[in-house]
Amino acid sequence: MDTVVSQESTPSTAPVPSATSGAASGPEHVTVPTHYDAILLAGFGGPEGQDDVIPFLRNVTRGKGIPDERLEEVAHHYRHFGGVSPINDQNRALKAALDAELARRNIDLPVYWGNRNWDPYLKDALVAAHSNGHDTLLAIATSAYSSFSSCRQYREDFASALDAANLTDTVRIDKVRQFFDHRGFIEPFIEGVRAGLTSLLTDIPDLALESEVEILFSTHSIPTADAQLSGPATREFGPGGAYEDQHLAVCRVIMASIQAEFPTAHPISWQLVYQSRSGPASQPWLEPDINDAIETLPAKGTRAVLIVPVGFVSDHMEVMWDLDTEAIETAEKHGLTAIRTQTPGTHPAYVAGLVDLVLERVNGTPVADRSSLTELGPWYDVCRPGCCENRRLGFKPAVAGVAP
């Protein structure tokens with residue numbers, strides 16, 4: 001493993017709470033080598049049996065006052081699969097893949113896995129790390145984009161877990177940057193689109209890619225107000241904030257690669273769509289919904305749909321239910337052939353990319369030498385002041401970013 005400098009303890013009153021010395025003052029990118037004891041793999045969590053479903057959903061919606069009868073409306077997605085979300089097994093597999101890749105590169109960093117909403121919890125992972133003498137952690141959240149729910153909330157939960165474990169002034173947590181435009185994250189999607197289009201041409205030999213195929217890049221919808229607050233306020237973004245702009249930038253990179261591989265099918269039609277809306281009808285969320293988008297396609301002569309889950313790192317419940325079940329059914333209802341492409345999961349490029357992100361911080365890699373395939377990145381190592389505020393709840397204490 002590369003030689004790194006020792007790490008001094010940093011007071012919790014620093015501009016970036018519970019941070020290592022290189023990150024504590026709040027630089028956009030940390031370009032000094034930093035010693036870490038371990039990696040914290042942070043997941044969302046999911047139920048692993050029918051009895052877990054409602055308690056899990058209570059955790060997810062804590063503080064929102066949602067009654068159990070409304071939670072049961074969402075619970076049927078999990079109950080359809082025996083009450084078991086695939087996300088925990090996927091994170092077990094990702095942890096094992098990270099362990100293997102770290103060992104392959106002779107990097108001596110154990111991986112501790114903790115979830116925000118279900119066992120194993122973040123607090124338990126922090127306690128285990130501290131008990132083993134690992135007090136300087138680099139976190140990897142299983143989310144690639146910037147928004148409250150996909151970045152800031154993880155950072156708030158790190159702070160809450162430190163407080164609950166009474167480790168706020170003992171354990172340091174930095175976090176790798178949002179990796180939406182890292183090559184390791186994007187390559188599996190390019191492979192998936194390539195394979196999907198090839199499969200469609202095999203199944204429908206007379207299919208015209210340039211006029212009869214629609215590529216739907218799908219991601220989780222969020223409230224429009226939250227989307228507008230995603231990313232730092234000091235940068236200008238479109239009406240969907242950094243969250244939407246990051247997705248669009250990734251889509252453009254994927255399509256540029258695909259168009260080069262299918263030069264006779266130029267241009268292939270595509271759009272960014274949204275899924276998994278859960279808020280009241282009166283609250284604006286990012287649109288169009290994927291099912292609404294599918295319904296419009298036959299009128300323009302579309303015969304086949306390629307669904308690309310570009311907002312997701314693995315095949316968890318929103319992919320299995322909202323895409324593999326509902327969206328595919330909508331496509332079939334309207335006479336369309338539909339294929340859903342792969343998520344990164346444990347793809348070797350993705351796993352290697354996550355380790356590359358770790359080494360960026362270990363080695364203090366200069367910004368110019370970091371993998372970044374869009375004009376928006378590489379994203380910040382230390383989140384900027386006020387980044388990704390929750391408009392309804394405001395700011396809670398968070399780590400890995402300049403307060404608030």
# chains A, B, ... in the order shown; residues from 1 in each chain; ligands from 1

$ select_by_dssp --residues "range 35-180 of chain A" --states "alpha helix (DSSP H)" --output "JSON, numbers by chain"
{"A": [53, 54, 55, 56, 57, 58, 59, 60, 68, 69, 70, 71, 72, 73, 74, 75, 76, 77, 78, 79, 80, 87, 88, 89, 90, 91, 92, 93, 94, 95, 96, 97, 98, 99, 100, 101, 102, 103, 104, 122, 123, 124, 125, 126, 127, 128, 129, 130, 131, 153, 154, 155, 156, 157, 158, 159, 160, 161, 162, 163, 164]}

$ residues_around --residues "Val127 in chain A" --least-positions-apart "3" --cutoff "10 Å" --atoms "only C-alpha atoms" --output "MDAnalysis selection string"
chainID A and resid 122:124 130:135 161:162 164:167 171

$ closest_residue --among "A:Leu359, A:Val308, A:Leu373, A:Leu216" --to "Pro288 in chain A" --atoms "only C-alpha atoms"
A:Leu216

$ closest_residue --among "A:Pro309, A:Pro397, A:Gly301, A:Pro239" --to "Phe189 in chain A" --atoms "only C-alpha atoms"
A:Pro309

$ select_by_dssp --residues "range 111-167 of chain A" --states "strand (DSSP E or B)" --output "list of chain:residue names"
A:Val111, A:Tyr112, A:Trp113, A:Gly114, A:Asn115, A:Tyr121, A:Thr136, A:Leu137, A:Leu138, A:Ala139, A:Ile140, A:Ala141

$ closest_residue --among "A:Val402, A:Val16, A:Leu376, A:Ile294" --to "Arg172 in chain A" --atoms "only C-alpha atoms"
A:Val16

$ closest_atom_pairs --of "range 221-299 of chain A" --to "range 316-324 of chain A" --cutoff "10 Å" --atoms "only C-alpha atoms" --output "tab-separated table"
residue	atom	partner	partner_atom	distance
A:Gln275	CA	A:Asp322	CA	6.9
A:Ser276	CA	A:Asp322	CA	6.6
A:Arg277	CA	A:Asp322	CA	10.0
A:Ile290	CA	A:Leu323	CA	8.6
A:Asn291	CA	A:Leu323	CA	9.2

$ write_last_selection --atoms "N, CA, C and O atoms" --output "PDB file, in the first residue's frame"
ATOM      1  N   GLN A 275     -39.041   7.742 -11.314  1.00  0.00           N
ATOM      2  CA  GLN A 275     -39.840   6.649 -10.780  1.00  0.00           C
ATOM      3  C   GLN A 275     -39.926   6.765  -9.263  1.00  0.00           C
ATOM      4  O   GLN A 275     -39.282   7.619  -8.651  1.00  0.00           O
ATOM      5  N   SER A 276     -40.753   5.913  -8.659  1.00  0.00           N
ATOM      6  CA  SER A 276     -40.783   5.709  -7.207  1.00  0.00           C
ATOM      7  C   SER A 276     -41.256   6.928  -6.426  1.00  0.00           C
ATOM      8  O   SER A 276     -40.898   7.107  -5.271  1.00  0.00           O
ATOM      9  N   ARG A 277     -42.069   7.775  -7.052  1.00  0.00           N
ATOM     10  CA  ARG A 277     -42.628   8.914  -6.327  1.00  0.00           C
ATOM     11  C   ARG A 277     -43.451   8.423  -5.161  1.00  0.00           C
ATOM     12  O   ARG A 277     -44.207   7.453  -5.267  1.00  0.00           O
ATOM     13  N   ILE A 290     -41.846   7.394 -15.376  1.00  0.00           N
ATOM     14  CA  ILE A 290     -41.485   6.466 -16.453  1.00  0.00           C
ATOM     15  C   ILE A 290     -42.713   5.846 -17.114  1.00  0.00           C
ATOM     16  O   ILE A 290     -42.752   5.678 -18.340  1.00  0.00           O
ATOM     17  N   ASN A 291     -43.749   5.547 -16.336  1.00  0.00           N
ATOM     18  CA  ASN A 291     -44.936   4.937 -16.918  1.00  0.00           C
ATOM     19  C   ASN A 291     -45.681   5.922 -17.812  1.00  0.00           C
ATOM     20  O   ASN A 291     -46.191   5.549 -18.872  1.00  0.00           O
TER      21      ASN A 291
END

$ closest_residue --among "A:Asp51, A:Glu389, A:Asp37, A:Glu244" --to "Gly311 in chain A" --atoms "only C-alpha atoms"
A:Glu244

$ closest_atom_pairs --of "range 86-199 of chain A" --to "range 224-236 of chain A" --cutoff "7 Å" --atoms "only C-alpha atoms" --output "tab-separated table"
residue	atom	partner	partner_atom	distance
A:Ser146	CA	A:Ser230	CA	6.0
A:Ser147	CA	A:Ser230	CA	4.6
A:Phe148	CA	A:Ser230	CA	6.7

$ residues_around --residues "Ala125 in chain A" --least-positions-apart "6" --cutoff "7 Å" --atoms "only C-alpha atoms" --output "list in words"
Tyr112, Trp113 and Gly114 of chain A
